[in-house]
Number of protein chains: 2
Amino acid sequence: MNKSILDVLDHQVRWPPPIWLMRQAGRYLPEYRAVREKAGDFLKLCFTPELAAEVTLQPVRRFGFDAAILFSDILVIPYALGQPVRYSVGEGPQLDAIKDRSALARLKTEIDQETLAPVYETIRLVRQSLAAPVALLGFCGAPWTVASYMIAGHGTPDQAPARLFAYEDPDGFAALIDTLVDASAGYLIGQLQAGAEAVQIFDTWAGVLPAEEFGRWCIEPTQRIVAKVRAVVPAAKIIGFPRGVGAGLLRYVEQVPVDAVGLDWMVDLSFARDQIQWRMPVQGNLDPLVLVAGGAALDRAVDAVLEALGERPFIFNLGHGILPQTPIAHVERMLARVRGARS
Amino acid sequence: MNKSILDVLDHQVRWPPPIWLMRQAGRYLPEYRAVREKAGDFLKLCFTPELAAEVTLQPVRRFGFDAAILFSDILVIPYALGQPVRYSVGEGPQLDAIKDRSALARLKTEIDQETLAPVYETIRLVRQSLAAPVALLGFCGAPWTVASYMIAGHGTPDQAPARLFAYEDPDGFAALIDTLVDASAGYLIGQLQAGAEAVQIFDTWAGVLPAEEFGRWCIEPTQRIVAKVRAVVPAAKIIGFPRGVGAGLLRYVEQVPVDAVGLDWMVDLSFARDQIQWRMPVQGNLDPLVLVAGGAALDRAVDAVLEALGERPFIFNLGHGILPQTPIAHVERMLARVRGARS
């Protein structure tokens with residue numbers, strides 16, 4: 001049996017569309033919370049293959065999603081470059097903020113693949129356990145998004161610290177981006193060689209940049225990652241996800257040779273269908289909040305996505321990660337509606 | 001002498017372009033901080049005409065901007081509808097969050113114009129003091145943006161509480177929007193009748209909505225405000241500012257008959273020139289952070305804006321409010337560059 005997500009990434013139409021959810025292994029699941037508590041530390045969970053494999057598999061077992069996505073975090077790359085990262089319960093991650101060139105200079109210039117070896121082992125374990133039709137996805141953060149956390153030390157409403165750093169020291173910032181391009185490409189190659197069947201590049205904070213900076217810090221570095229990965233793994237399937245870039249999405253799909261693009265929940269469905277989807281498969285874009293709300297609003301929103309995007313190559317997903325307060329019954333309702341929809 | 005901003009709103013090209021800055025009366029100015037400290041309470045500053053007029057005039061005196069913008073806040077409307085609003089030093093505004101229909105029912109259905117009378121008096125005082133070529137702008141928040149603060153009680157990264165409220169109780173949310181449409185229209189009419197020469201409608205949080213909700217909660221209510229204002233003040237000049245809406249900007253200018261549209265700092269300059277500016281004058285869109293950074297990055301960014309937008313009707317501004325940490329010398333450098341630029 002073919003894996004439906006891989007078929008879609010090959011520009012085939014599958015009906016009902018394959019479905020997975022960003023952050024599907026996460027806090028909305030009681031079985032995840034149990035493992036998380038047992039592991040104690042979040043990084044320990046990421047770097048203990050048996051535990052990471054278990055939480056990767058949980059949502060596939062419960063819901064029968066068409067893909068598993070590696071349980072990990074985009075900040076394992078700064079960690080593997082020597083920047084301390086802490087995850088406190090109930091708060092976002094905290095890094096020692098990079099405030100100047102001397103802090104930049106203390107980073108390693110190459111990732112420590114030894115640190116990341118447990119991630120690759122997780123991938124091998126998951127592949128052994130996955131049923132044949134379910135694809136395994138890997139991922140990394142895009143250099144701009146990762147750099148913006150490294151400089152701020154935490155999430156901010158608009159990642160202003162990194163934007164300011166890039167204006168004030170463009171050469172220093174470019175050096176950090178270069179390091180992250182190499183690190184991310186090496187990390188994705190490692191994931192693909194361990195058994196990931198496609199990878200997604202999350203550029204969560206692409207949308208806060210002016211157009212020129214979006215080109216310089218998002219598009220161009222992502223082009224380089226794609227080229228570096230394909231130089232080693234020529235058939236690598238890559239999904240890009242530049243969140244919040246509005247009309248910039250068109251520029252992204254024209255300039256970055258990914259196999260599919262993720263749509264955030266703000267993307268207009270007719271714009272996506274008419275301007276984006278004839279070029280490449282799309283993935284998305286239900287508002288995670290309408291999945292929290294449930295009811296008639298959820299049904300209408302699911303139908304609107306299916307109607308707009310279902311006739312061309314399409315992977316059903318949310319427009320951002322599933323929220324911790326999402327009721328499981330709403331996920332089941334959405335799945336039934338997607339899978340029961342008539343073509 | 002004609003007022004250059006009003007000429008631009010009449011679709012004339014002025015060179016050098018007129019310039020003002022969002023939040024130009026604000027914390028980056030020592031003379032503002034002195035008055036703010038004297039007033040003590042922020043709302044007292046908004047509602048004491050002599051003090052509000054003074055801070056409105058300060059940036060015009062110091063920099064010779066081409067417009068003064070009324071010193072006030074978008075949350076005076078919830079306040080005039082009976083919702084308590086508090087401004088603590090160093091924090092954003094806090095309202096008693098509206099969590100359900102019973103809280104909605106406790107709001108007045110019409111604004112108390114008596115509460116807003118000091119704002120109109122401020123406008124009269126400023127008009128008496130302004131030199132002939134300087135225009136006076138009024139403003140309000142758009143209903144979606146104001147409602148999103150009323151429901152969350154404070155600013156959030158993506159105004160999720162209001163989005164969830166609207167999914168779960170669309171009729172209740174629509175009633176709140178209707179109240180805000182009437183209140184905002186009445187408030188803008190009051191400002192125009194008191195002497196404001198144009199008004200801006202700030203939809204700061206338009207960008208977090210999916211496309212269908214953007215139409216329902218941003219575009220349609222703003223259309224109604226424009227119609228209601230022009231029914232009483234037929235020649236009213238209105239600038240729309242839907243922040244962060246990306247490709248939705250095109251839909252906004254096609255569907256909302258404003259006289260000009262503000263561009264946030266993420267808007268691509270060639271998109272703005274080719275898709276937007278032939279329809280109506282545009283205003284913007286320097287990144288407030290490049291004004292903090294200064295130096296060569298600032299010069300290049302100013303030049304890029306002027307080069308892209310200077311040949312058609314254009315008002316120079318930032319793409320969002322000026323930041324408190326902005327050095328005054330950088331504002332002076334930007335002004336000299338805008339006003340010294342060759343056409």
# chains A, B, ... in the order shown; residues from 1 in each chain; ligands from 1

$ closest_atom_pairs --of "chain B" --to "chain A" --cutoff "9 Å" --atoms "only C-alpha atoms" --output "tab-separated table"
residue	atom	partner	partner_atom	distance
B:Thr156	CA	A:Pro157	CA	8.3
B:Pro157	CA	A:Pro157	CA	5.5
B:Asp158	CA	A:Pro157	CA	8.6
B:Ala160	CA	A:Leu289	CA	7.3
B:Arg163	CA	A:Leu289	CA	7.3
B:Leu164	CA	A:Leu289	CA	6.0
B:Phe165	CA	A:Ala293	CA	8.5
B:Tyr167	CA	A:Ala297	CA	6.0
B:Glu168	CA	A:Ala293	CA	5.8
B:Gly207	CA	A:Met266	CA	7.4
B:Val208	CA	A:Met266	CA	6.5
B:Leu209	CA	A:Met266	CA	5.8
B:Pro210	CA	A:Met266	CA	4.2
B:Ala211	CA	A:Asp268	CA	5.0
B:Glu212	CA	A:Asp268	CA	7.8
B:Phe214	CA	A:Met266	CA	8.8
B:Gly244	CA	A:Gly246	CA	8.2
B:Val245	CA	A:Gly246	CA	6.8
B:Gly246	CA	A:Gly246	CA	4.1
B:Ala247	CA	A:Ala247	CA	4.6
B:Gly248	CA	A:Gly246	CA	7.7
B:Asp264	CA	A:Pro210	CA	8.9
B:Trp265	CA	A:Pro210	CA	5.6
B:Met266	CA	A:Pro210	CA	4.2
B:Val267	CA	A:Ala211	CA	6.7
B:Asp268	CA	A:Ala211	CA	5.0
B:Leu269	CA	A:Ala211	CA	7.5
B:Phe271	CA	A:Ala247	CA	8.4
B:Leu286	CA	A:Pro210	CA	8.9
B:Asp287	CA	A:Pro210	CA	7.3
B:Leu289	CA	A:Leu164	CA	6.1
B:Val290	CA	A:Tyr167	CA	6.5
B:Val292	CA	A:Leu164	CA	7.8
B:Ala293	CA	A:Glu168	CA	5.8
B:Gly294	CA	A:Glu168	CA	8.0
B:Gly295	CA	A:Glu168	CA	8.2
B:Ala296	CA	A:Tyr167	CA	9.0
B:Ala297	CA	A:Tyr167	CA	6.0
B:Leu298	CA	A:Tyr167	CA	8.4

$ write_last_selection --atoms "N, CA, C and O atoms" --output "compact mmCIF listing (two decimals), in the first residue's frame"
# COMPACT_ATOMS: atom_id res chain seq x y z
N THR B 156 -2.47 40.28 23.63
CA THR B 156 -1.95 38.90 23.63
C THR B 156 -1.21 38.72 22.32
O THR B 156 -1.35 39.53 21.40
N PRO B 157 -0.42 37.63 22.19
CA PRO B 157 0.33 37.48 20.93
C PRO B 157 -0.56 37.37 19.70
O PRO B 157 -0.17 37.81 18.62
N ASP B 158 -1.75 36.76 19.82
CA ASP B 158 -2.57 36.63 18.61
C ASP B 158 -4.06 36.79 18.89
O ASP B 158 -4.87 36.34 18.10
N ALA B 160 -6.13 35.42 20.72
CA ALA B 160 -6.87 34.16 20.70
C ALA B 160 -8.20 34.22 21.47
O ALA B 160 -9.19 33.66 21.02
N ARG B 163 -10.87 35.55 19.17
CA ARG B 163 -11.12 34.65 18.05
C ARG B 163 -11.95 33.46 18.51
O ARG B 163 -12.89 33.03 17.82
N LEU B 164 -11.62 32.93 19.70
CA LEU B 164 -12.37 31.80 20.23
C LEU B 164 -13.81 32.20 20.57
O LEU B 164 -14.76 31.48 20.26
N PHE B 165 -13.98 33.37 21.19
CA PHE B 165 -15.31 33.88 21.52
C PHE B 165 -16.16 33.97 20.25
O PHE B 165 -17.32 33.53 20.21
N TYR B 167 -15.86 32.29 17.45
CA TYR B 167 -16.23 30.96 16.96
C TYR B 167 -17.35 30.36 17.81
O TYR B 167 -18.25 29.72 17.29
N GLU B 168 -17.25 30.55 19.12
CA GLU B 168 -18.19 29.87 20.02
C GLU B 168 -19.53 30.58 20.11
O GLU B 168 -20.55 29.94 20.35
N GLY B 207 -4.55 41.15 11.24
CA GLY B 207 -3.72 40.11 10.64
C GLY B 207 -3.80 38.74 11.28
O GLY B 207 -3.26 37.79 10.74
N VAL B 208 -4.46 38.60 12.42
CA VAL B 208 -4.51 37.29 13.07
C VAL B 208 -5.74 36.49 12.65
O VAL B 208 -5.90 35.34 13.09
N LEU B 209 -6.59 37.05 11.81
CA LEU B 209 -7.84 36.37 11.45
C LEU B 209 -7.71 35.57 10.17
O LEU B 209 -7.07 36.01 9.21
N PRO B 210 -8.37 34.40 10.12
CA PRO B 210 -8.52 33.70 8.83
C PRO B 210 -9.30 34.60 7.86
O PRO B 210 -10.00 35.53 8.28
N ALA B 211 -9.21 34.27 6.57
CA ALA B 211 -9.76 35.16 5.55
C ALA B 211 -11.26 35.40 5.71
O ALA B 211 -11.74 36.53 5.57
N GLU B 212 -12.02 34.35 6.02
CA GLU B 212 -13.47 34.55 6.13
C GLU B 212 -13.79 35.48 7.30
O GLU B 212 -14.63 36.38 7.18
N PHE B 214 -11.75 37.68 8.58
CA PHE B 214 -11.25 39.01 8.22
C PHE B 214 -12.35 39.78 7.47
O PHE B 214 -12.59 40.96 7.73
N GLY B 244 -0.86 43.83 9.14
CA GLY B 244 -0.46 42.43 9.10
C GLY B 244 -1.32 41.53 8.24
O GLY B 244 -1.28 40.32 8.39
N VAL B 245 -2.09 42.10 7.30
CA VAL B 245 -3.03 41.28 6.55
C VAL B 245 -2.46 40.74 5.25
O VAL B 245 -3.15 40.00 4.54
N GLY B 246 -1.23 41.09 4.93
CA GLY B 246 -0.58 40.50 3.75
C GLY B 246 -1.39 40.74 2.49
O GLY B 246 -1.77 41.88 2.19
N ALA B 247 -1.65 39.64 1.76
CA ALA B 247 -2.40 39.76 0.51
C ALA B 247 -3.82 40.28 0.75
O ALA B 247 -4.47 40.77 -0.18
N GLY B 248 -4.31 40.22 1.99
CA GLY B 248 -5.63 40.76 2.32
C GLY B 248 -5.74 42.25 2.11
O GLY B 248 -6.84 42.81 2.06
N ASP B 264 1.78 48.32 6.79
CA ASP B 264 2.67 47.92 7.87
C ASP B 264 4.06 47.60 7.32
O ASP B 264 4.26 47.55 6.11
N TRP B 265 5.03 47.39 8.22
CA TRP B 265 6.42 47.24 7.78
C TRP B 265 6.69 45.94 7.05
O TRP B 265 7.73 45.77 6.44
N MET B 266 5.74 44.98 7.11
CA MET B 266 5.95 43.72 6.40
C MET B 266 5.50 43.80 4.93
O MET B 266 5.78 42.88 4.16
N VAL B 267 4.77 44.85 4.56
CA VAL B 267 4.24 44.93 3.20
C VAL B 267 5.39 45.13 2.21
O VAL B 267 6.21 46.03 2.36
N ASP B 268 5.41 44.27 1.19
CA ASP B 268 6.42 44.35 0.14
C ASP B 268 6.22 45.65 -0.65
O ASP B 268 5.11 45.95 -1.10
N LEU B 269 7.29 46.40 -0.84
CA LEU B 269 7.16 47.70 -1.49
C LEU B 269 6.70 47.59 -2.95
O LEU B 269 5.93 48.42 -3.43
N PHE B 271 4.84 45.17 -4.21
CA PHE B 271 3.41 44.82 -4.13
C PHE B 271 2.58 46.08 -3.85
O PHE B 271 1.56 46.32 -4.50
N LEU B 286 8.12 52.39 6.99
CA LEU B 286 9.44 52.09 7.55
C LEU B 286 9.31 51.23 8.81
O LEU B 286 8.48 51.50 9.68
N ASP B 287 10.15 50.20 8.91
CA ASP B 287 10.17 49.34 10.09
C ASP B 287 10.58 50.19 11.31
O ASP B 287 11.66 50.78 11.33
N LEU B 289 11.83 49.37 13.91
CA LEU B 289 13.11 48.90 14.47
C LEU B 289 14.31 49.43 13.71
O LEU B 289 15.39 49.56 14.28
N VAL B 290 14.14 49.73 12.41
CA VAL B 290 15.29 50.28 11.69
C VAL B 290 15.50 51.75 12.11
O VAL B 290 16.62 52.26 12.03
N VAL B 292 15.14 52.57 15.25
CA VAL B 292 15.90 52.36 16.49
C VAL B 292 17.36 52.08 16.14
O VAL B 292 18.28 52.60 16.78
N ALA B 293 17.59 51.28 15.09
CA ALA B 293 18.96 50.90 14.72
C ALA B 293 19.74 52.09 14.19
O ALA B 293 20.92 52.27 14.51
N GLY B 294 19.12 52.92 13.34
CA GLY B 294 19.80 54.09 12.78
C GLY B 294 20.88 53.71 11.78
O GLY B 294 20.91 52.60 11.24
N GLY B 295 21.79 54.67 11.51
CA GLY B 295 22.96 54.41 10.69
C GLY B 295 22.63 54.09 9.25
O GLY B 295 21.60 54.50 8.70
N ALA B 296 23.53 53.32 8.64
CA ALA B 296 23.39 53.01 7.22
C ALA B 296 22.14 52.20 6.93
O ALA B 296 21.51 52.37 5.88
N ALA B 297 21.75 51.33 7.87
CA ALA B 297 20.54 50.53 7.66
C ALA B 297 19.32 51.44 7.54
O ALA B 297 18.44 51.22 6.69
N LEU B 298 19.27 52.48 8.38
CA LEU B 298 18.16 53.43 8.32
C LEU B 298 18.15 54.17 6.99
O LEU B 298 17.11 54.29 6.33

$ residues_around --residues "segment 123-133 of chain B" --least-positions-apart "4" --cutoff "10 Å" --atoms "only C-alpha atoms" --output "count of residues only"
36

$ atom_distance --atom1 "atom CA of Gln223 of chain A" --atom2 "atom CA of Val256 of chain A"
5.3 Å

$ residues_around --residues "Thr179 of chain A" --least-positions-apart "5" --cutoff "12 Å" --atoms "only C-alpha atoms" --output "PyMOL selection string"
chain A and resi 77-78+80-81+104-105+107-111+142-144+146-147+172-174+184-186+221+224-225

$ closest_residue --among "B:Gly26, B:Pro324, B:Gly340, B:Gly284" --to "Val305 of chain B" --atoms "only C-alpha atoms"
B:Gly284

$ closest_residue --among "A:Tyr252, A:Arg312, A:Leu136, A:Phe202" --to "Arg14 of chain A" --atoms "only C-alpha atoms"
A:Arg312

$ closest_residue --among "B:Ile328, B:Ala183, B:Val226, B:Ile98" --to "Ile151 of chain B" --atoms "only C-alpha atoms"
B:Ile98

$ residues_around --residues "Asp73 of chain B" --least-positions-apart "5" --cutoff "9 Å" --atoms "only C-alpha atoms" --output "PyMOL selection string"
chain B and resi 43+46+139-141

$ select_by_dssp --residues "segment 71-303 of chain B" --states "strand (DSSP E or B)" --output "count of residues only"
32

$ residues_around --residues "Ala103 of chain A" --least-positions-apart "6" --cutoff "12 Å" --atoms "only C-alpha atoms" --output "list in words"
Gly82, Gln83, Pro84, Asp96, Ala97, Met150, Ile151, Gly172, Phe173 and Leu176 of chain A

$ write_last_selection --atoms "N, CA, C and O atoms" --output "CSV table (one decimal), in the first residue's frame"
chain,number,residue,atom,x,y,z
A,82,GLY,N,26.0,24.4,21.3
A,82,GLY,CA,26.6,24.8,22.6
A,82,GLY,C,25.9,25.9,23.3
A,82,GLY,O,26.4,26.4,24.3
A,83,GLN,N,24.7,26.3,22.9
A,83,GLN,CA,24.0,27.3,23.6
A,83,GLN,C,23.1,26.6,24.6
A,83,GLN,O,22.2,25.8,24.2
A,84,PRO,N,23.2,26.9,25.9
A,84,PRO,CA,22.3,26.3,26.9
A,84,PRO,C,20.8,26.6,26.6
A,84,PRO,O,20.5,27.7,26.3
A,96,ASP,N,20.3,31.2,26.9
A,96,ASP,CA,21.1,32.3,27.2
A,96,ASP,C,21.2,33.2,26.0
A,96,ASP,O,21.8,32.9,25.0
A,97,ALA,N,20.5,34.4,26.1
A,97,ALA,CA,20.4,35.2,24.9
A,97,ALA,C,21.8,35.7,24.4
A,97,ALA,O,22.7,35.9,25.1
A,150,MET,N,17.5,32.3,19.5
A,150,MET,CA,18.9,32.4,20.0
A,150,MET,C,19.3,33.8,20.5
A,150,MET,O,19.9,33.9,21.5
A,151,ILE,N,18.8,34.8,19.8
A,151,ILE,CA,19.2,36.1,20.1
A,151,ILE,C,18.3,36.7,21.2
A,151,ILE,O,18.7,37.4,22.1
A,172,GLY,N,27.6,40.0,11.3
A,172,GLY,CA,27.5,39.1,12.4
A,172,GLY,C,26.3,38.2,12.3
A,172,GLY,O,26.4,37.0,12.5
A,173,PHE,N,25.2,38.8,12.0
A,173,PHE,CA,23.9,38.0,11.9
A,173,PHE,C,24.0,37.0,10.7
A,173,PHE,O,23.6,35.9,10.8
A,176,LEU,N,25.9,34.0,11.7
A,176,LEU,CA,25.0,33.0,12.5
A,176,LEU,C,24.1,32.3,11.6
A,176,LEU,O,23.9,31.0,11.7

$ atom_distance --atom1 "atom CA of Met22 of chain B" --atom2 "atom CA of Leu323 of chain B"
9.7 Å

$ select_by_dssp --residues "segment 84-332 of chain B" --states "alpha helix (DSSP H)" --output "VMD selection string"
chain B and resid 101 to 105 113 to 129 143 to 152 160 to 168 170 to 194 211 to 213 220 to 232 248 to 255 269 to 271 288 to 293 295 to 309 328 to 332

$ residues_around --residues "Phe63 of chain A" --least-positions-apart "6" --cutoff "10 Å" --atoms "only C-alpha atoms" --output "VMD selection string"
chain A and resid 20 24 328 331 to 332 335

$ write_last_selection --atoms "C-alpha atoms" --output "CSV table (one decimal), in the first residue's frame"
chain,number,residue,atom,x,y,z
A,20,TRP,CA,-1.6,14.9,10.2
A,24,GLN,CA,0.2,16.1,17.2
A,328,ILE,CA,-9.8,15.1,22.0
A,331,VAL,CA,-10.0,16.0,16.9
A,332,GLU,CA,-12.1,12.9,16.4
A,335,LEU,CA,-11.1,13.3,11.4

$ atom_distance --atom1 "atom CA of Val338 of chain A" --atom2 "atom CA of Trp278 of chain A"
21.9 Å
